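K.L.:
The structure is given below, and queries will be raised subsequently.
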Amino acid sequence: MDSKNLSVGPEIYGEILQGCVYERDLFTGQQIHAQVLKHGAFFARNEYIETKLVIFYAKCGAFDVANNLFSRLRVKNVFSWAAIIGVKCRIGLNEEALMGFSEMQENGFLPDNFVVPNALKACGALLWLGYGKGVHGHVVKVGFDGCVFVASSLIDMYGKCGALEDARKVFDAMIERNVIAWNSMIVGYMQNGMNEQAIGVFHEMRMEGVEPSQVSVSSFLSASANLGAIGEGKQGHAIAVLHGFELDSILGSSVLNFYSKVGLIDDADLVFDKMLEKDVVTWNLIISSYLQSGLIDEALDMCHLMRSENLRFDCVTLSSVLTAAANSSNIKLGKEGHCYCIRNSLQSDVVVASSIVDMYAKCGRIDYAGHVFSSTTTKDIILWNTLLAAYANVGHSGEALKLFYQMQLESVPPNVASWNSVILGFIRNSQLNEAKEFFSQMQLLGVHPNLITWTTLITGLSHNGFHDEALQVFQEMQESGIKPNTVSISSALSACTNVTSLQHGRAIHGYAIRHDLGSQISVSTALVDMYAKCGCLSRAKRVFDHISSNELPVYNAMISAYALHGQAGEALAVYKNLKEAGIEPDGITFTSVLSACSHTGLVNEGLEIFIEMASKHHLSPSMEHYGCVVSLLSRSGRLDEAFRLILTMPYEPDAHIIGQLIAKCREHNEIELVEHLSKYLLELEPDNSGNYVAISNAYATAGRWDDVSEIRDLMKEKGLKKSPGCSWIQIGEKLHSFIAGDGSHPNTEDIQATLALLGIDMKSSA
């Protein structure tokens with residue numbers, strides 16, 4: 001047209017600029033802009049062309065130019081406002097976009113169904129629910145609620161703001177729903193943790209005959225991954241294949257994430273290999289998948305492959321590498337990761353810094369962890385808590401407490417995780433009173449203990465012998481509205497076991513059943529152990545029999561239960577079942593089996609299993625295993641063999657092994673061996689009164705009273721006294737304790753009379 005001297009009016013330039021918008025052709029559009037300016041003010045100051053230029057630059061991402069042109073517009077209209085509000089939303093200037101939305105109306109322009117979705121998008125990004133509801137009011141007022149694009153934007157805004165009931169009301173009121181509306185509802189549910197509802201909406205969409213998009217399938221896969229729903233996730237993958245969706249970086253990452261989260265690492269590997277586009281996010285996902293499955297070497301191989309593809313590690317990749325180093329205690333690898341961070345100026349990132357601190361702490365270099373922490377200029381709550389947890393895990397309660405107060409001095413208020421770490425530090429350092437005091441202080445200051453707080457305290461009290469208090473705290477936790485998890489239940493059951501409180505144990509068992517926790521391996525193991533040690537072997541067996549997939553810890557607990565009750569045959573039968581099930585026994589298994597053989601005199605069977613331990617299962621016997629075999633031989637009178645085993649075993653014998661051999665020497669009147677062993681025993685534990693009593697009893701059995709007197713005199717010189725025996729029984733809510741030689745119990749006379757009658761009955765029936 002130019003070459004033929006044909007007149008080119010503003011409309012033609014406007015259409016050409018619109019074509020550039022469709023093609024996102026910035027260069028050609030700039031040439032057209034130059035032509036407009038060349039033709040003078042008549043064209044350059046034309047409202048239509050001015051508006052088209054604003055729209056063109058806004059759509060092509062040239063925000064500064066678009067904003068400059070918009071500010072110089074003599075006449076602003078709905079289209080120019082829509083363009084500038086839209087570009088501000090796209091580049092994240094959401095507050096400015098909403099200011100423009102308000103200013104537009106103040107200037108007398110009503111936002112149309114192109115402007116409203118952008119305003120709603122900005123509200124969702126800012127989580128401004130109130131403003132979003134105001135926009136919703138405008139939508140209803142002007143009658144845009146029937147527009148599918150506006151309604152979809154409302155659903156998206158309400159979903160991002162967590163108002164799912166409002167989102168659902170808008171969705172249900174829609175007469176016509178396109179795939180974008182369905183996607184908005186699915187994504188809203190999924191992002192707010194309502195994964196079952198997200199899956200339900202996806203199925204509704206398919207029943208309505210609406211074809212899913214890649215976004216639909218990606219969200220469905222994410223919801224399935226969050227629920228661990230393998231069947232649904234595989235169905236989502238199949239739908240993607242049937243619809244011919246390419247495994248690009250978005251959909252491929254969703255499929256990969258699903259298989260990773262449900263533990264199907266081989267399938268994740270296959271998906272990764274078939275993906276057409278692999279960005280840093282994709283590589284991070286597969287590396288993280290290997291780490292979650294404990295495949296550290298494979299994860300590191302993937303890191304090397306990623307580098308060979310000329311992709312740079314980002315903060316997430318480095319966090320994964322540092323996690324691998326921490327989990328494998330590979331400080332060399334951790335240092336290499338740290339050096340990479342320094343070379344690429346990533347060490348100032350708080351996520352990376354937290355990973356470095358955690359890595360050094362888990363590799364046993366808490367001093368390096370402290371140095372990295374101190375050299376990090378910007379510290380967030382996560383970094384503070386990482387070092388707090390590091391100090392707590394190694395029992396450095398003083399350092400943890402000091403750091404706890406330091407963070408407050410630096411205006412970082414501690415959260416519940418910070419308090420939890422200090423409590424754990426006290427417990428690891430056996431400072432139970434300080435832990436309880438800190439727990440009380442936490443509540444007084446209005447910080448509500450969470451599940452981890454309660455579980456840490458219960459476990460700490462139980463492991464340190466405060467069993468009654470552990471059970472009391474367990475009850476307080478439930479009264480506070482916190483539901484116990486498997487760890488807290490297992491610790492409470494352990495406390496029941498140690499005080500032989502069958503009543504509490506049965507109550508906790510009932511709670512576990514009612515809350516579908518009874519089949520968890522840790523809980524089942526604790527239940528078997530509790531019932532066995534409280535004398536209810538039949539109940540222990542019932543728990544064991546009702547577990548659908550028995551694992552090694554439960555087998556070990558059941559073997560130990562039979563061993564405790566002297567039923568070696570049953571213990572050996574469970575051991576046989578364990579091997580037939582293809583489960584590899586561990587050191588605990590052999591301790592329990594050997595103990596069962598020892599208690600019932602199954603010498604040949606025990607020796608055969610002891611040999612099998614190393615020859616078939618390639619396990620090196622520990623001191624405890626040798627102790628079981630020494631007990632096995634000495635109980636059957638084979639004292640010389642037991643003594644030879646002590647001399648040839650690869651460990652220096654401890655006092656426990658020597659003591660049990662002395663006890664059996666007494667029974668078989670092997671006084672010469674007692675004399676030899678007693679010197680060694682008293683060197684090992686010179687202040688243990690029980691050892692002196694055992695040696696004295698052996699001499700007394702042999703009638704060597706002078707030696708008995710000598711041992712007694714030696715005890716007096718050292719100021720040692722025999723610790724009296726103690727036993728207890730729970731009847732109803734009351735625990736009755738009995739100490740040898742103590743007649744202070746209010747029912748002593750009745751007890752003694754009953755014992756006398758039982759003695760008479762036993763003699764008469766003998």
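Residue numbering restarts at 1 in every chain; chains get A, B, ... in the order shown in the structure tokens, and ligands count up from 1 in that same order.
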Pick out the residues sitting within 9 Å of A:Ala299, and hand them over as a compact mmCIF listing (two decimals) with all heavy atoms, in the first residue's frame; count only C-alpha atoms, and ignore anything fewer than 5 positions along from it in its own chain.
P.N.:
```txt
# COMPACT_ATOMS: atom_id res chain seq x y z
N ILE A 286 13.52 -36.14 40.69
CA ILE A 286 14.03 -37.51 40.64
C ILE A 286 15.13 -37.72 41.68
O ILE A 286 15.22 -38.78 42.31
CB ILE A 286 14.52 -37.89 39.21
CG1 ILE A 286 14.73 -39.40 39.10
CG2 ILE A 286 15.77 -37.13 38.82
CD1 ILE A 286 13.49 -40.22 39.16
N ILE A 287 15.94 -36.68 41.90
CA ILE A 287 16.99 -36.78 42.94
C ILE A 287 16.34 -36.94 44.31
O ILE A 287 16.74 -37.79 45.12
CB ILE A 287 17.90 -35.53 42.90
CG1 ILE A 287 18.73 -35.53 41.61
CG2 ILE A 287 18.83 -35.49 44.12
CD1 ILE A 287 19.41 -34.20 41.31
N SER A 288 15.31 -36.13 44.57
CA SER A 288 14.59 -36.21 45.85
C SER A 288 13.92 -37.57 46.01
O SER A 288 13.87 -38.12 47.12
CB SER A 288 13.54 -35.09 45.91
OG SER A 288 12.77 -35.18 47.07
N SER A 289 13.42 -38.13 44.90
CA SER A 289 12.77 -39.45 44.95
C SER A 289 13.73 -40.52 45.43
O SER A 289 13.40 -41.36 46.27
CB SER A 289 12.25 -39.84 43.57
OG SER A 289 11.38 -38.88 43.07
N TYR A 290 14.94 -40.49 44.86
CA TYR A 290 15.95 -41.47 45.28
C TYR A 290 16.30 -41.31 46.76
O TYR A 290 16.44 -42.30 47.49
CB TYR A 290 17.21 -41.32 44.44
CG TYR A 290 17.11 -41.93 43.05
CD1 TYR A 290 17.40 -41.18 41.91
CD2 TYR A 290 16.72 -43.26 42.87
CE1 TYR A 290 17.31 -41.73 40.64
CE2 TYR A 290 16.63 -43.81 41.60
CZ TYR A 290 16.93 -43.05 40.50
OH TYR A 290 16.83 -43.60 39.25
N LEU A 291 16.42 -40.06 47.20
CA LEU A 291 16.76 -39.82 48.61
C LEU A 291 15.67 -40.32 49.54
O LEU A 291 15.95 -40.92 50.58
CB LEU A 291 17.01 -38.33 48.84
CG LEU A 291 18.29 -37.76 48.22
CD1 LEU A 291 18.34 -36.26 48.40
CD2 LEU A 291 19.52 -38.41 48.86
N GLY A 294 15.95 -43.86 50.16
CA GLY A 294 17.19 -44.29 50.77
C GLY A 294 18.27 -44.66 49.77
O GLY A 294 19.31 -45.22 50.14
N HIS A 304 25.38 -36.08 39.10
CA HIS A 304 26.46 -36.04 38.10
C HIS A 304 25.89 -35.96 36.68
O HIS A 304 26.42 -35.22 35.84
CB HIS A 304 27.34 -37.29 38.25
CG HIS A 304 28.14 -37.31 39.52
ND1 HIS A 304 28.96 -36.27 39.91
CD2 HIS A 304 28.24 -38.25 40.50
CE1 HIS A 304 29.53 -36.55 41.07
NE2 HIS A 304 29.10 -37.75 41.45
N SER A 320 19.22 -31.13 48.42
CA SER A 320 19.12 -32.58 48.27
C SER A 320 20.48 -33.25 48.44
O SER A 320 20.61 -34.28 49.11
CB SER A 320 18.54 -32.94 46.90
OG SER A 320 17.21 -32.48 46.77
N VAL A 321 21.52 -32.67 47.82
CA VAL A 321 22.88 -33.21 47.94
C VAL A 321 23.33 -33.19 49.39
O VAL A 321 23.89 -34.16 49.91
CB VAL A 321 23.86 -32.40 47.05
CG1 VAL A 321 25.30 -32.83 47.32
CG2 VAL A 321 23.53 -32.60 45.58
N ALA A 324 21.62 -35.83 51.36
CA ALA A 324 22.24 -37.14 51.10
C ALA A 324 23.50 -37.29 51.94
O ALA A 324 23.75 -38.35 52.54
CB ALA A 324 22.57 -37.28 49.62
```
K.L.:
Could you name the residues that touch stretch 310-318 of chain A at 10 Å or less, counting only C-alpha atoms, but leaving out those on the same chain fewer than 2 positions away, as an mmCIF file with C-alpha atoms, in the first residue's frame?
P.N.:
```cif
data_model
loop_
_atom_site.group_PDB
_atom_site.id
_atom_site.type_symbol
_atom_site.label_atom_id
_atom_site.label_comp_id
_atom_site.auth_asym_id
_atom_site.auth_seq_id
_atom_site.Cartn_x
_atom_site.Cartn_y
_atom_site.Cartn_z
ATOM 1 C CA LYS A 278 13.705 -31.948 31.680
ATOM 2 C CA ASP A 279 14.244 -28.722 33.563
ATOM 3 C CA VAL A 280 15.935 -28.196 36.939
ATOM 4 C CA VAL A 281 12.631 -28.879 38.751
ATOM 5 C CA TRP A 283 15.908 -33.258 37.949
ATOM 6 C CA ASN A 284 15.333 -32.123 41.540
ATOM 7 C CA LEU A 285 12.237 -34.325 41.732
ATOM 8 C CA ILE A 287 16.986 -36.783 42.942
ATOM 9 C CA SER A 288 14.587 -36.211 45.848
ATOM 10 C CA CYS A 303 23.461 -35.169 40.279
ATOM 11 C CA LEU A 305 24.180 -36.684 35.085
ATOM 12 C CA MET A 306 22.456 -33.349 35.681
ATOM 13 C CA ARG A 307 25.812 -31.545 35.585
ATOM 14 C CA SER A 308 26.769 -33.425 32.390
ATOM 15 C CA SER A 320 19.120 -32.585 48.272
ATOM 16 C CA VAL A 321 22.878 -33.213 47.938
ATOM 17 C CA LEU A 322 23.489 -31.936 51.460
ATOM 18 C CA THR A 323 20.615 -34.099 52.763
ATOM 19 C CA ALA A 324 22.240 -37.135 51.099
ATOM 20 C CA GLY A 334 28.919 -32.449 52.361
ATOM 21 C CA GLY A 337 28.420 -29.350 48.346
ATOM 22 C CA HIS A 338 29.375 -26.535 50.720
ATOM 23 C CA TYR A 340 29.925 -25.458 45.420
ATOM 24 C CA CYS A 341 27.626 -23.123 47.360
ATOM 25 C CA ASN A 344 28.322 -19.982 43.181
ATOM 26 C CA LEU A 346 24.508 -19.671 47.180
ATOM 27 C CA GLN A 347 25.623 -19.982 50.805
ATOM 28 C CA ASP A 349 20.382 -18.542 50.822
ATOM 29 C CA VAL A 350 18.733 -19.460 54.152
ATOM 30 C CA VAL A 351 17.412 -22.799 52.818
ATOM 31 C CA VAL A 352 20.907 -23.826 51.690
ATOM 32 C CA ALA A 353 22.468 -22.495 54.909
ATOM 33 C CA SER A 355 20.919 -27.672 54.941
ATOM 34 C CA ILE A 356 24.654 -27.039 55.499
#
```
K.L.:
Atom CA of A:Met275 and atom CA of A:Val255, how far apart in Å?
P.N.:
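These atoms are spaced 10.1 Å apart.
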K.L.:
Which of these, A:Val603, A:Ala369, A:Ile427, A:Leu270, has the shortest distance to A:Ser354 once you count only C-alpha atoms?
P.N.:
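Of A:Val603, A:Ala369, A:Ile427, A:Leu270, the one nearest A:Ser354 is A:Ala369, counting only C-alpha atoms.
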K.L.:
Could you list, with a cut-off of 9 Å and counting only C-alpha atoms, the residues of stretch 171-273 of chain A near stretch 128-146 of chain A, each shown with its nearest atom pair and the distance in Å rounded to one decimal, rows sorted by chain and ascending number, as CSV?
P.N.:
```
residue,atom,partner,partner_atom,distance
A:Met174,CA,A:Gly146,CA,7.0
A:Ile175,CA,A:Gly146,CA,7.5
A:Glu176,CA,A:Gly146,CA,8.3
```
K.L.:
Among stretch 270-413 of chain A, which residues does DSSP mark as alpha helix (DSSP H) when it is run on the backbone? Keep the chain and numbering as in the structure and answer as a ChimeraX atom specification.
P.N.:
/A:270-274,280-292,296-308,315-327,331-343,350-362,366-375,381-393,397-409
K.L.:
If you count only C-alpha atoms, which residues fall within 12 Å of A:Asp707, apart from same-chain ones fewer than 3 positions away, as a list of chain:residue names?
P.N.:
A:Ile671, A:Val674, A:Glu675, A:Ser678, A:Tyr692, A:Val693, A:Ile695, A:Ser696, A:Asn697, A:Ala698, A:Tyr699, A:Ala700, A:Thr701, A:Ala702, A:Gly703, A:Arg704, A:Glu710, A:Ile711, A:Arg712, A:Asp713, A:Leu714
K.L.:
Mind dumping the selected residues with N, CA, C and O atoms as a compact mmCIF listing (two decimals), in the first residue's frame?
P.N.:
```txt
# COMPACT_ATOMS: atom_id res chain seq x y z
N ILE A 671 33.85 -74.52 93.18
CA ILE A 671 34.35 -73.43 93.99
C ILE A 671 35.68 -72.88 93.50
O ILE A 671 35.99 -71.70 93.65
N VAL A 674 35.02 -70.39 90.96
CA VAL A 674 34.50 -69.18 91.62
C VAL A 674 35.65 -68.31 92.11
O VAL A 674 35.65 -67.09 91.93
N GLU A 675 36.66 -68.97 92.72
CA GLU A 675 37.81 -68.21 93.24
C GLU A 675 38.52 -67.47 92.11
O GLU A 675 38.93 -66.32 92.27
N SER A 678 36.04 -64.64 90.76
CA SER A 678 35.65 -63.58 91.70
C SER A 678 36.64 -62.41 91.68
O SER A 678 36.24 -61.25 91.77
N TYR A 692 29.42 -58.99 95.43
CA TYR A 692 29.94 -59.52 96.69
C TYR A 692 28.97 -60.55 97.27
O TYR A 692 29.39 -61.59 97.79
N VAL A 693 27.68 -60.25 97.17
CA VAL A 693 26.67 -61.17 97.70
C VAL A 693 26.69 -62.49 96.93
O VAL A 693 26.61 -63.58 97.52
N ILE A 695 29.26 -63.86 95.31
CA ILE A 695 30.48 -64.61 95.67
C ILE A 695 30.32 -65.21 97.07
O ILE A 695 30.66 -66.38 97.32
N SER A 696 29.77 -64.42 97.98
CA SER A 696 29.55 -64.89 99.36
C SER A 696 28.61 -66.08 99.39
O SER A 696 28.86 -67.07 100.10
N ASN A 697 27.55 -66.03 98.61
CA ASN A 697 26.60 -67.14 98.56
C ASN A 697 27.25 -68.41 98.00
O ASN A 697 26.95 -69.53 98.45
N ALA A 698 28.14 -68.24 97.02
CA ALA A 698 28.84 -69.40 96.45
C ALA A 698 29.74 -70.06 97.50
O ALA A 698 29.77 -71.30 97.64
N TYR A 699 30.46 -69.23 98.28
CA TYR A 699 31.31 -69.78 99.36
C TYR A 699 30.45 -70.45 100.44
O TYR A 699 30.81 -71.49 101.00
N ALA A 700 29.29 -69.83 100.74
CA ALA A 700 28.42 -70.39 101.77
C ALA A 700 27.90 -71.76 101.35
O ALA A 700 27.81 -72.68 102.17
N THR A 701 27.54 -71.92 100.08
CA THR A 701 27.05 -73.21 99.58
C THR A 701 28.12 -74.28 99.73
O THR A 701 27.81 -75.45 100.02
N ALA A 702 29.41 -73.89 99.55
CA ALA A 702 30.52 -74.85 99.69
C ALA A 702 30.97 -75.02 101.13
O ALA A 702 31.89 -75.80 101.42
N GLY A 703 30.32 -74.29 102.05
CA GLY A 703 30.65 -74.42 103.47
C GLY A 703 31.93 -73.70 103.86
O GLY A 703 32.50 -73.98 104.92
N ARG A 704 32.40 -72.77 103.03
CA ARG A 704 33.64 -72.05 103.34
C ARG A 704 33.30 -70.74 104.04
O ARG A 704 33.29 -69.66 103.46
N GLU A 710 35.09 -63.08 105.21
CA GLU A 710 36.05 -62.16 104.58
C GLU A 710 35.35 -61.26 103.56
O GLU A 710 35.62 -60.05 103.50
N ILE A 711 34.46 -61.84 102.78
CA ILE A 711 33.72 -61.06 101.78
C ILE A 711 32.81 -60.04 102.47
O ILE A 711 32.71 -58.88 102.06
N ARG A 712 32.13 -60.50 103.57
CA ARG A 712 31.23 -59.59 104.30
C ARG A 712 32.01 -58.42 104.88
O ARG A 712 31.56 -57.27 104.87
N ASP A 713 33.22 -58.73 105.44
CA ASP A 713 34.06 -57.67 106.02
C ASP A 713 34.50 -56.67 104.95
O ASP A 713 34.55 -55.46 105.19
N LEU A 714 34.81 -57.22 103.77
CA LEU A 714 35.23 -56.37 102.66
C LEU A 714 34.11 -55.41 102.25
O LEU A 714 34.35 -54.24 101.94
```
K.L.:
Between atom CA of A:Cys597 and atom CA of A:Lys579, what is the spacing in Å?
P.N.:
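Between atom CA of A:Lys579 and atom CA of A:Cys597 the gap works out to 17.7 Å.
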K.L.:
By how many Å are atom CA of A:Val574 and atom CA of A:Ile559 apart?
P.N.:
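So the answer is 6.3 Å.
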K.L.:
Choose the residue, out of A:Leu457, A:Leu578, A:Met623, A:Leu645, that has the smallest atom-to-atom separation from A:Val554; count only C-alpha atoms.
P.N.:
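Of A:Leu457, A:Leu578, A:Met623, A:Leu645, the one nearest A:Val554 is A:Leu578, counting only C-alpha atoms.
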K.L.:
Neighbours of A:Lys261 within 7 Å (only C-alpha atoms; same-chain residues fewer than 3 positions away dropped), as a list in words?
P.N.:
Ala225, Asn257 and Phe258 of chain A
K.L.:
What's the 10 Å shell around A:Gly108, counting only C-alpha atoms, without same-chain residues fewer than 4 positions away, as a PyMOL selection string?
P.N.:
chain A and resi 77-78+103-104
K.L.:
Pick out the residues sitting within 9 Å of A:Tyr259, and hand them over as an NGL selection string; count only C-alpha atoms, and ignore anything fewer than 5 positions along from it in its own chain.
P.N.:
:A and (225 or 230 or 233-234 or 254 or 264-269 or 271 or 289)
K.L.:
What's the 12 Å shell around A:Tyr405, counting only C-alpha atoms, without same-chain residues fewer than 3 positions away, as a VMD selection string?
P.N.:
chain A and resid 384 388 398 to 402 408 to 414 418 to 419 422
